[in-house]
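Visitor: Contents of coords.txt (compact mmCIF, C-alpha atoms) are given next:
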# COMPACT_ATOMS: atom_id res chain seq x y z
CA MET E 1 19.06 -38.77 3.43
CA ASP E 2 20.75 -38.24 0.04
CA GLU E 3 21.01 -34.51 0.25
CA PRO E 4 23.70 -33.28 2.59
CA MET E 5 22.78 -31.52 5.82
CA LYS E 6 22.72 -27.72 5.68
CA ILE E 7 24.30 -25.84 8.55
CA ARG E 8 24.51 -22.11 9.11
CA ALA E 9 26.46 -20.67 12.03
CA SER E 10 26.76 -16.95 12.64
CA MET E 11 27.58 -14.67 15.55
CA LYS E 12 24.70 -12.74 17.13
CA GLY E 13 26.17 -10.66 19.91
CA ASP E 14 28.29 -12.86 22.15
CA ALA E 15 26.54 -16.08 21.11
CA ALA E 16 26.70 -18.18 17.98
CA ASP E 17 23.40 -19.02 16.29
CA ILE E 18 23.64 -22.49 14.86
CA LYS E 19 20.87 -23.58 12.50
CA CYS E 20 20.69 -26.89 10.79
CA LEU E 21 18.39 -28.65 8.33
CA MET E 22 18.80 -32.39 8.20
CA ASN E 23 17.56 -34.72 5.52
CA HIS E 24 15.64 -37.65 6.99
CA VAL E 25 12.26 -39.30 6.49
CA MET E 26 11.63 -39.53 10.28
CA GLU E 27 9.23 -42.45 9.89
CA THR E 28 7.22 -42.88 13.09
CA GLY E 29 6.39 -46.52 12.62
CA LEU E 30 2.69 -45.73 12.81
CA ARG E 31 2.05 -44.97 9.14
CA LYS E 32 0.51 -47.72 7.03
CA ASP E 33 1.60 -48.49 3.50
CA PRO E 34 -1.51 -47.71 1.40
CA ASP E 35 -0.83 -50.68 -0.93
CA THR E 36 -0.13 -53.43 1.57
CA GLY E 37 -1.94 -52.07 4.62
CA ARG E 38 1.09 -52.95 6.75
CA ALA E 39 2.81 -50.50 9.06
CA ILE E 40 5.90 -48.85 7.61
CA PRO E 41 8.68 -49.61 10.09
CA ALA E 42 9.96 -46.77 12.26
CA ARG E 43 13.13 -45.14 11.04
CA HIS E 44 14.08 -41.84 12.58
CA ILE E 45 17.03 -39.90 13.93
CA LYS E 46 17.48 -40.80 17.58
CA ASP E 47 20.71 -39.01 18.55
CA VAL E 48 22.05 -35.63 17.51
CA THR E 49 25.35 -34.15 18.63
CA VAL E 50 26.60 -30.63 18.00
CA THR E 51 30.20 -29.69 18.73
CA VAL E 52 32.01 -26.36 18.59
CA SER E 53 35.77 -26.68 18.13
CA GLY E 54 35.43 -30.30 19.15
CA LYS E 55 33.61 -29.60 22.42
CA THR E 56 30.11 -31.02 22.69
CA VAL E 57 27.53 -28.27 23.13
CA LEU E 58 24.39 -30.31 22.51
CA ASN E 59 23.30 -33.92 22.88
CA ALA E 60 19.75 -34.46 21.74
CA GLN E 61 17.63 -37.60 21.84
CA TRP E 62 14.65 -37.69 19.50
CA GLY E 63 11.61 -39.88 19.04
CA GLY E 64 9.24 -39.99 16.09
CA GLY E 65 7.69 -36.72 17.25
CA ILE E 66 10.20 -34.60 15.34
CA SER E 67 9.14 -33.68 11.80
CA LYS E 68 10.51 -35.09 8.59
CA ASN E 69 13.63 -33.22 7.43
CA PRO E 70 14.37 -32.00 10.94
CA TYR E 71 15.19 -28.40 11.62
CA LEU E 72 17.28 -27.55 14.67
CA ALA E 73 18.53 -24.22 15.97
CA ILE E 74 20.54 -23.61 19.14
CA LYS E 75 22.64 -20.82 20.59
CA VAL E 76 26.10 -21.13 22.11
CA LYS E 77 27.45 -18.34 24.26
CA GLY E 78 31.13 -17.53 24.11
CA ALA E 79 31.64 -19.17 20.73
CA LYS E 80 33.84 -17.18 18.39
CA LEU E 81 34.03 -16.26 14.73
CA GLY E 82 35.94 -18.89 12.80
CA GLU E 83 35.31 -21.75 15.22
CA SER E 84 34.23 -24.99 13.60
CA VAL E 85 30.77 -26.41 14.18
CA THR E 86 29.93 -30.04 13.53
CA VAL E 87 26.47 -31.57 13.59
CA SER E 88 26.15 -35.34 13.55
CA TRP E 89 23.20 -37.69 13.86
CA GLN E 90 22.49 -41.37 14.23
CA ASP E 91 19.16 -42.95 13.39
CA THR E 92 17.34 -46.04 14.64
CA THR E 93 18.91 -48.23 11.94
CA GLY E 94 22.42 -47.17 12.90
CA GLU E 95 22.84 -44.91 9.87
CA THR E 96 24.91 -41.79 10.61
CA ARG E 97 25.64 -38.48 8.94
CA ALA E 98 27.72 -35.48 9.89
CA ALA E 99 28.49 -32.06 8.46
CA SER E 100 30.63 -29.12 9.51
CA THR E 101 30.86 -25.42 8.97
CA THR E 102 32.67 -22.46 10.51
CA ILE E 103 31.03 -19.68 12.47
CA GLY E 104 30.82 -16.79 10.03
CA MET H 1 29.77 -73.34 13.42
CA ASN H 2 31.29 -74.24 16.77
CA ARG H 3 29.07 -72.61 19.40
CA GLN H 4 31.98 -71.21 21.39
CA ARG H 5 33.59 -69.69 18.30
CA ARG H 6 30.25 -68.19 17.32
CA SER H 7 29.75 -66.50 20.67
CA ILE H 8 33.32 -65.17 20.67
CA LEU H 9 32.83 -63.72 17.19
CA LYS H 10 29.49 -62.23 18.22
CA ALA H 11 31.03 -60.57 21.26
CA ALA H 12 33.94 -59.30 19.17
CA PHE H 13 31.64 -57.72 16.58
CA SER H 14 29.45 -56.00 19.10
CA SER H 15 32.38 -54.60 21.03
CA ILE H 16 34.00 -53.37 17.80
CA THR H 17 30.79 -51.59 16.82
CA LEU H 18 30.48 -50.12 20.29
CA GLY H 19 34.14 -49.13 20.17
CA VAL H 20 33.72 -47.37 16.84
CA ALA H 21 30.59 -45.63 18.03
CA LEU H 22 32.22 -44.54 21.29
CA SER H 23 35.41 -43.30 19.69
CA SER H 24 33.55 -41.44 16.97
CA GLY H 25 31.85 -39.51 19.73
CA LEU H 26 28.41 -40.40 18.50
CA LEU H 27 27.60 -42.58 21.47
CA LYS H 28 28.46 -41.32 24.88
CA PRO H 29 29.11 -44.02 27.44
CA GLY H 30 25.91 -44.24 29.42
CA GLN H 31 23.77 -43.47 26.44
CA ALA H 32 24.56 -46.87 25.03
CA THR H 33 22.89 -48.94 27.72
CA ALA H 34 19.45 -50.32 27.04
CA SER H 35 18.58 -49.71 30.69
CA ASP H 36 18.85 -45.93 30.14
CA PRO H 37 15.38 -44.76 31.30
CA TRP H 38 15.33 -42.04 28.63
CA ARG H 39 15.71 -44.57 25.81
CA LYS H 40 12.70 -46.54 27.05
CA ALA H 41 10.77 -43.34 27.69
CA PHE H 42 10.56 -42.66 23.96
CA GLN H 43 8.39 -45.81 23.68
CA SER H 44 6.04 -44.78 26.47
CA LYS H 45 2.42 -44.00 25.60
CA THR H 46 1.25 -42.14 28.68
CA PRO H 47 2.49 -38.67 29.58
CA ASP H 48 1.69 -39.09 33.29
CA ALA H 49 3.64 -42.33 33.61
CA LEU H 50 6.50 -40.62 31.77
CA MET H 51 6.49 -37.70 34.17
CA ASN H 52 6.55 -40.04 37.16
CA THR H 53 9.44 -42.18 35.94
CA LEU H 54 11.63 -39.43 34.55
CA PHE H 55 11.13 -36.75 37.16
CA GLN H 56 11.05 -38.08 40.68
CA ALA H 57 9.19 -35.08 42.05
CA GLN H 58 6.43 -33.19 40.28
CA PRO H 59 8.22 -30.31 38.54
CA ALA H 60 7.39 -26.84 39.78
CA VAL H 61 5.39 -24.75 37.32
CA GLY H 62 7.97 -22.62 35.56
CA SER H 63 7.43 -18.95 34.95
CA ASP H 64 10.68 -18.45 33.07
CA ILE H 65 10.02 -20.75 30.15
CA ARG H 66 8.67 -19.35 26.92
CA ILE H 67 7.09 -21.64 24.33
CA ARG H 68 6.41 -20.20 20.90
CA VAL H 69 4.13 -22.24 18.67
CA PRO H 70 1.57 -21.08 16.10
CA ASP H 71 -1.89 -20.35 17.54
CA LEU H 72 -3.26 -22.77 15.01
CA ALA H 73 -1.09 -25.35 13.26
CA GLU H 74 -2.63 -26.09 9.87
CA ASN H 75 -0.37 -29.04 9.31
CA GLY H 76 0.42 -31.22 12.30
CA SER H 77 3.30 -32.86 10.43
CA VAL H 78 5.41 -29.75 10.71
CA VAL H 79 4.77 -27.55 13.73
CA PRO H 80 7.53 -25.01 14.41
CA ILE H 81 8.33 -24.64 18.09
CA GLU H 82 10.76 -22.32 19.79
CA ILE H 83 11.62 -22.74 23.46
CA VAL H 84 13.45 -20.21 25.55
CA SER H 85 14.46 -20.98 29.11
CA GLU H 86 15.42 -17.93 31.12
CA TYR H 87 16.73 -20.07 33.99
CA PRO H 88 20.48 -19.59 34.33
CA ASN H 89 22.59 -22.64 33.59
CA THR H 90 19.81 -24.55 31.88
CA GLU H 91 21.01 -28.14 31.59
CA SER H 92 18.23 -29.72 29.59
CA ILE H 93 14.93 -29.12 27.84
CA VAL H 94 12.44 -31.95 27.38
CA VAL H 95 9.49 -31.69 25.01
CA MET H 96 6.34 -33.82 25.27
CA VAL H 97 3.25 -33.77 23.12
CA ASP H 98 0.64 -35.14 25.52
CA ASN H 99 -1.78 -36.51 22.92
CA ASN H 100 0.80 -38.03 20.59
CA PRO H 101 0.90 -41.84 20.38
CA PHE H 102 4.40 -41.56 21.89
CA PRO H 103 4.29 -38.36 23.93
CA LEU H 104 8.04 -37.91 24.49
CA ALA H 105 9.30 -36.03 21.45
CA ALA H 106 12.76 -34.80 22.38
CA LYS H 107 15.36 -34.26 25.05
CA PHE H 108 18.04 -31.63 24.58
CA ASP H 109 21.09 -31.64 26.87
CA PHE H 110 23.19 -28.49 26.83
CA HIS H 111 26.93 -28.32 27.59
CA ASN H 112 29.80 -25.86 27.36
CA ASN H 113 27.75 -22.66 27.37
CA ALA H 114 25.02 -23.73 24.98
CA GLN H 115 22.02 -21.64 26.03
CA GLY H 116 18.62 -22.84 27.19
CA TYR H 117 17.23 -22.29 23.74
CA VAL H 118 16.04 -24.61 21.04
CA SER H 119 13.99 -24.26 17.89
CA THR H 120 12.73 -27.25 15.95
CA ARG H 121 9.63 -28.70 14.29
CA LEU H 122 7.31 -31.23 15.88
CA ARG H 123 4.98 -33.82 14.46
CA VAL H 124 1.68 -33.43 16.32
CA ALA H 125 -1.10 -36.00 15.88
CA GLU H 126 -3.95 -33.86 17.15
CA SER H 127 -4.63 -30.75 19.20
CA SER H 128 -2.75 -31.25 22.41
CA ASN H 129 -0.88 -29.77 25.32
CA ILE H 130 2.74 -29.26 24.48
CA ARG H 131 4.68 -29.82 27.68
CA VAL H 132 8.18 -28.45 28.20
CA ILE H 133 10.29 -29.49 31.17
CA VAL H 134 13.48 -27.61 31.95
CA ARG H 135 16.24 -28.72 34.30
CA ALA H 136 18.51 -25.95 35.55
CA GLU H 137 20.92 -26.02 38.48
CA GLY H 138 19.44 -29.29 39.70
CA ARG H 139 15.85 -28.03 39.78
CA VAL H 140 13.07 -29.00 37.42
CA HIS H 141 10.42 -26.63 36.04
CA SER H 142 7.58 -27.33 33.68
CA VAL H 143 5.19 -25.36 31.54
CA SER H 144 2.46 -26.38 29.08
CA LYS H 145 0.88 -24.68 26.14
CA TRP H 146 -2.18 -25.81 24.25
CA LEU H 147 -1.73 -26.25 20.51
CA ASN H 148 -4.60 -26.51 18.02
CA VAL H 149 -3.99 -28.68 14.97
CA THR H 150 -6.14 -28.82 11.82
CA ILE H 151 -4.59 -31.61 9.77
CA SER H 152 -3.21 -34.44 11.87
CA GLY H 153 0.52 -34.98 11.86
CA CYS H 154 -0.23 -38.67 11.45
CA ASP H 155 -1.94 -38.31 8.07
CA PRO H 156 0.02 -39.79 5.19
CA ILE H 157 -0.18 -36.61 3.12
CA GLU H 158 2.80 -34.35 3.71
CA SER H 159 1.99 -30.71 3.17
CA PRO H 160 3.80 -28.96 0.31
CA PHE H 161 3.48 -25.80 2.38
CA ALA H 162 5.89 -26.88 5.11
CA PRO H 163 8.05 -23.90 6.10
CA LYS H 164 11.22 -23.68 4.06
CA PHE H 165 14.58 -23.25 5.65
CA GLU H 166 15.90 -19.77 5.03
CA GLY H 167 19.69 -19.80 5.17
Can you give me the file's structure in the form of C-alpha cells?

Guide:
Amino acid sequence: MDEPMKIRASMKGDAADIKCLMNHVMETGLRKDPDTGRAIPARHIKDVTVTVSGKTVLNAQWGGGISKNPYLAIKVKGAKLGESVTVSWQDTTGETRAASTTIG
Amino acid sequence: MNRQRRSILKAAFSSITLGVALSSGLLKPGQATASDPWRKAFQSKTPDALMNTLFQAQPAVGSDIRIRVPDLAENGSVVPIEIVSEYPNTESIVVMVDNNPFPLAAKFDFHNNAQGYVSTRLRVAESSNIRVIVRAEGRVHSVSKWLNVTISGCDPIESPFAPKFEG
C-alpha cells in the first residue's frame, strides 16, 4: 500500500486498454499468524472505480478471492487519446487510494 | 456524556463520512446499504446458494463467453484470468471460484462503453470450477471452466514467481 498504483492506458483501435497494478496485501482473513496461531484479520480492496474523463466506466466489488497486489485490465470503446483515466479503490478498513493517467 | 448528545454526535459523524464517501464518488448510493445482497454474497460459503440468491432464474449456459486461465496453475495465490464476453452491451461479469472458502471473487459492472472484458488475477484455494456469469441486455448467461491448482492459494508462502506487470 506504500507504493503508488501503476496505470497504463493506451489506444488499441477504437478502444482504450486500461491496465492497472495496485499495491495491497489482500488479506483473506483465513491465514493464521505462524507465531500466535490466530487468524490474521481480513483486509482487502472491496470497491474499485475506474473513470474516463470523469465518467464511470467500471465499478468492481471484490472479495478475498483476488490476488495480492491486484492486477486489473479493462477496455473502453470510444475513449480517445488524451482523455484522463482515474482508478480508485477502497478497502475493508476504509482506506482509499487513487491514481490517474492520460490515454497515450 | 449526555446520551442524547452522544447519539446526535454519532449520527453526525456517520453522515459526514457517508457524505464524504458519496461526494468523492467512491461510494455510489445503493452500494452503501448493508442490505445490498451483493455485499452479503461475498461472505457466502456455498456457490449454489449464491447462484439462487443472486440470480433469480438459473442462467442459461453461455456460448459467447471465453475464459482464459492456465491449464495448470502452479501457484493458486496468483492465477491470471481473462474473460471476454461477446454478448453486446454486457452490463456485468461475475466471477466465482466454486471451491474457495468464499466462492464469490468479484463483480464487475460496466458503464459508458466499457466492454465486456476483464483481466485480473485470482486467489484459488484448490482445483476448482471457475464460474463466470455475464449479464447483458437483461439476460444472464453462465459458463464454467475447470482449473487445476498445484500449490494452494491459501498457503502462507507467496510465490516469488508471480507474473510481473509489464508496462

Visitor: Only residues of chain H matter here; which ones have an atom within 9 Å of chain E, counting all atoms listed in the file? Give them as a ChimeraX atom specification.

Guide: /H:25-27,38-39,42-43,77-80,82,96-97,100-125,153-156,165,167

Visitor: Pull the neighbourhood of (20.0, -22.9, 36.7) for me: all residues within 9 Å in file coordinates, counting all atoms listed in the file, as a count of residues only.

Guide: 11

Visitor: Hey, can you check how far atom CA of E:Val25 sits from atom CA of E:His44?

Guide: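 If I compute the distance from atom CA of E:Val25 to atom CA of E:His44, I get 6.8 Å.
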
Visitor: Which one is closest to E:Glu3: E:Arg38, E:Arg97, E:Asp17, E:Thr92? Count all atoms listed in the file.

Guide: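 Checking each candidate against E:Glu3, we get E:Arg97 as the closest.
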
Visitor: So the first atom is atom CA of E:Ser84 and the second is atom CA of E:Asn23; what is the distance between them in Å, to one decimal place?

Guide: 20.9 Å

Visitor: Will you give me stretch 141-157 of chain H, written with N, CA, C and O atoms and laid out as an mmCIF file, in the first residue's frame?

Guide:
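The result, written out as result_26.cif:
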data_model
loop_
_atom_site.group_PDB
_atom_site.id
_atom_site.type_symbol
_atom_site.label_atom_id
_atom_site.label_comp_id
_atom_site.auth_asym_id
_atom_site.auth_seq_id
_atom_site.Cartn_x
_atom_site.Cartn_y
_atom_site.Cartn_z
ATOM 1 N N HIS H 141 -26.147 -15.182 -18.544
ATOM 2 C CA HIS H 141 -25.526 -16.363 -19.145
ATOM 3 C C HIS H 141 -24.364 -16.789 -18.266
ATOM 4 O O HIS H 141 -23.697 -15.950 -17.662
ATOM 5 N N SER H 142 -24.129 -18.095 -18.242
ATOM 6 C CA SER H 142 -23.062 -18.573 -17.360
ATOM 7 C C SER H 142 -22.207 -19.619 -18.055
ATOM 8 O O SER H 142 -22.705 -20.370 -18.899
ATOM 9 N N VAL H 143 -20.945 -19.647 -17.708
ATOM 10 C CA VAL H 143 -20.058 -20.680 -18.243
ATOM 11 C C VAL H 143 -19.039 -21.037 -17.157
ATOM 12 O O VAL H 143 -18.714 -20.199 -16.314
ATOM 13 N N SER H 144 -18.601 -22.305 -17.150
ATOM 14 C CA SER H 144 -17.617 -22.722 -16.144
ATOM 15 C C SER H 144 -16.405 -23.316 -16.831
ATOM 16 O O SER H 144 -16.513 -23.867 -17.915
ATOM 17 N N LYS H 145 -15.286 -23.189 -16.153
ATOM 18 C CA LYS H 145 -14.081 -23.844 -16.682
ATOM 19 C C LYS H 145 -13.332 -24.428 -15.499
ATOM 20 O O LYS H 145 -13.150 -23.766 -14.471
ATOM 21 N N TRP H 146 -12.898 -25.662 -15.669
ATOM 22 C CA TRP H 146 -12.154 -26.312 -14.585
ATOM 23 C C TRP H 146 -10.726 -25.797 -14.565
ATOM 24 O O TRP H 146 -10.088 -25.632 -15.604
ATOM 25 N N LEU H 147 -10.225 -25.532 -13.366
ATOM 26 C CA LEU H 147 -8.854 -25.065 -13.203
ATOM 27 C C LEU H 147 -8.126 -26.001 -12.241
ATOM 28 O O LEU H 147 -8.601 -26.246 -11.132
ATOM 29 N N ASN H 148 -6.961 -26.504 -12.668
ATOM 30 C CA ASN H 148 -6.123 -27.325 -11.787
ATOM 31 C C ASN H 148 -5.110 -26.441 -11.080
ATOM 32 O O ASN H 148 -4.481 -25.585 -11.704
ATOM 33 N N VAL H 149 -4.950 -26.671 -9.794
ATOM 34 C CA VAL H 149 -4.017 -25.873 -8.993
ATOM 35 C C VAL H 149 -3.051 -26.793 -8.274
ATOM 36 O O VAL H 149 -3.473 -27.795 -7.694
ATOM 37 N N THR H 150 -1.756 -26.470 -8.315
ATOM 38 C CA THR H 150 -0.760 -27.310 -7.634
ATOM 39 C C THR H 150 -0.575 -26.851 -6.186
ATOM 40 O O THR H 150 -0.840 -27.597 -5.259
ATOM 41 N N ILE H 151 -0.136 -25.595 -6.029
ATOM 42 C CA ILE H 151 0.067 -25.081 -4.677
ATOM 43 C C ILE H 151 -1.138 -24.222 -4.314
ATOM 44 O O ILE H 151 -1.466 -23.269 -5.015
ATOM 45 N N SER H 152 -1.771 -24.558 -3.212
ATOM 46 C CA SER H 152 -2.988 -23.866 -2.806
ATOM 47 C C SER H 152 -2.783 -22.362 -2.659
ATOM 48 O O SER H 152 -1.753 -21.907 -2.178
ATOM 49 N N GLY H 153 -3.781 -21.616 -3.067
ATOM 50 C CA GLY H 153 -3.752 -20.166 -2.897
ATOM 51 C C GLY H 153 -3.911 -19.755 -1.455
ATOM 52 O O GLY H 153 -3.791 -18.583 -1.126
ATOM 53 N N CYS H 154 -4.186 -20.740 -0.581
ATOM 54 C CA CYS H 154 -4.363 -20.418 0.826
ATOM 55 C C CYS H 154 -3.093 -20.652 1.616
ATOM 56 O O CYS H 154 -3.039 -20.384 2.805
ATOM 57 N N ASP H 155 -2.038 -21.202 0.973
ATOM 58 C CA ASP H 155 -0.799 -21.430 1.706
ATOM 59 C C ASP H 155 -0.155 -20.096 2.054
ATOM 60 O O ASP H 155 -0.236 -19.155 1.285
ATOM 61 N N PRO H 156 0.543 -20.053 3.187
ATOM 62 C CA PRO H 156 1.134 -18.782 3.591
ATOM 63 C C PRO H 156 2.304 -18.330 2.724
ATOM 64 O O PRO H 156 2.655 -17.178 2.715
ATOM 65 N N ILE H 157 2.892 -19.280 1.974
ATOM 66 C CA ILE H 157 4.068 -18.896 1.189
ATOM 67 C C ILE H 157 3.627 -18.253 -0.119
ATOM 68 O O ILE H 157 2.906 -18.852 -0.894
#
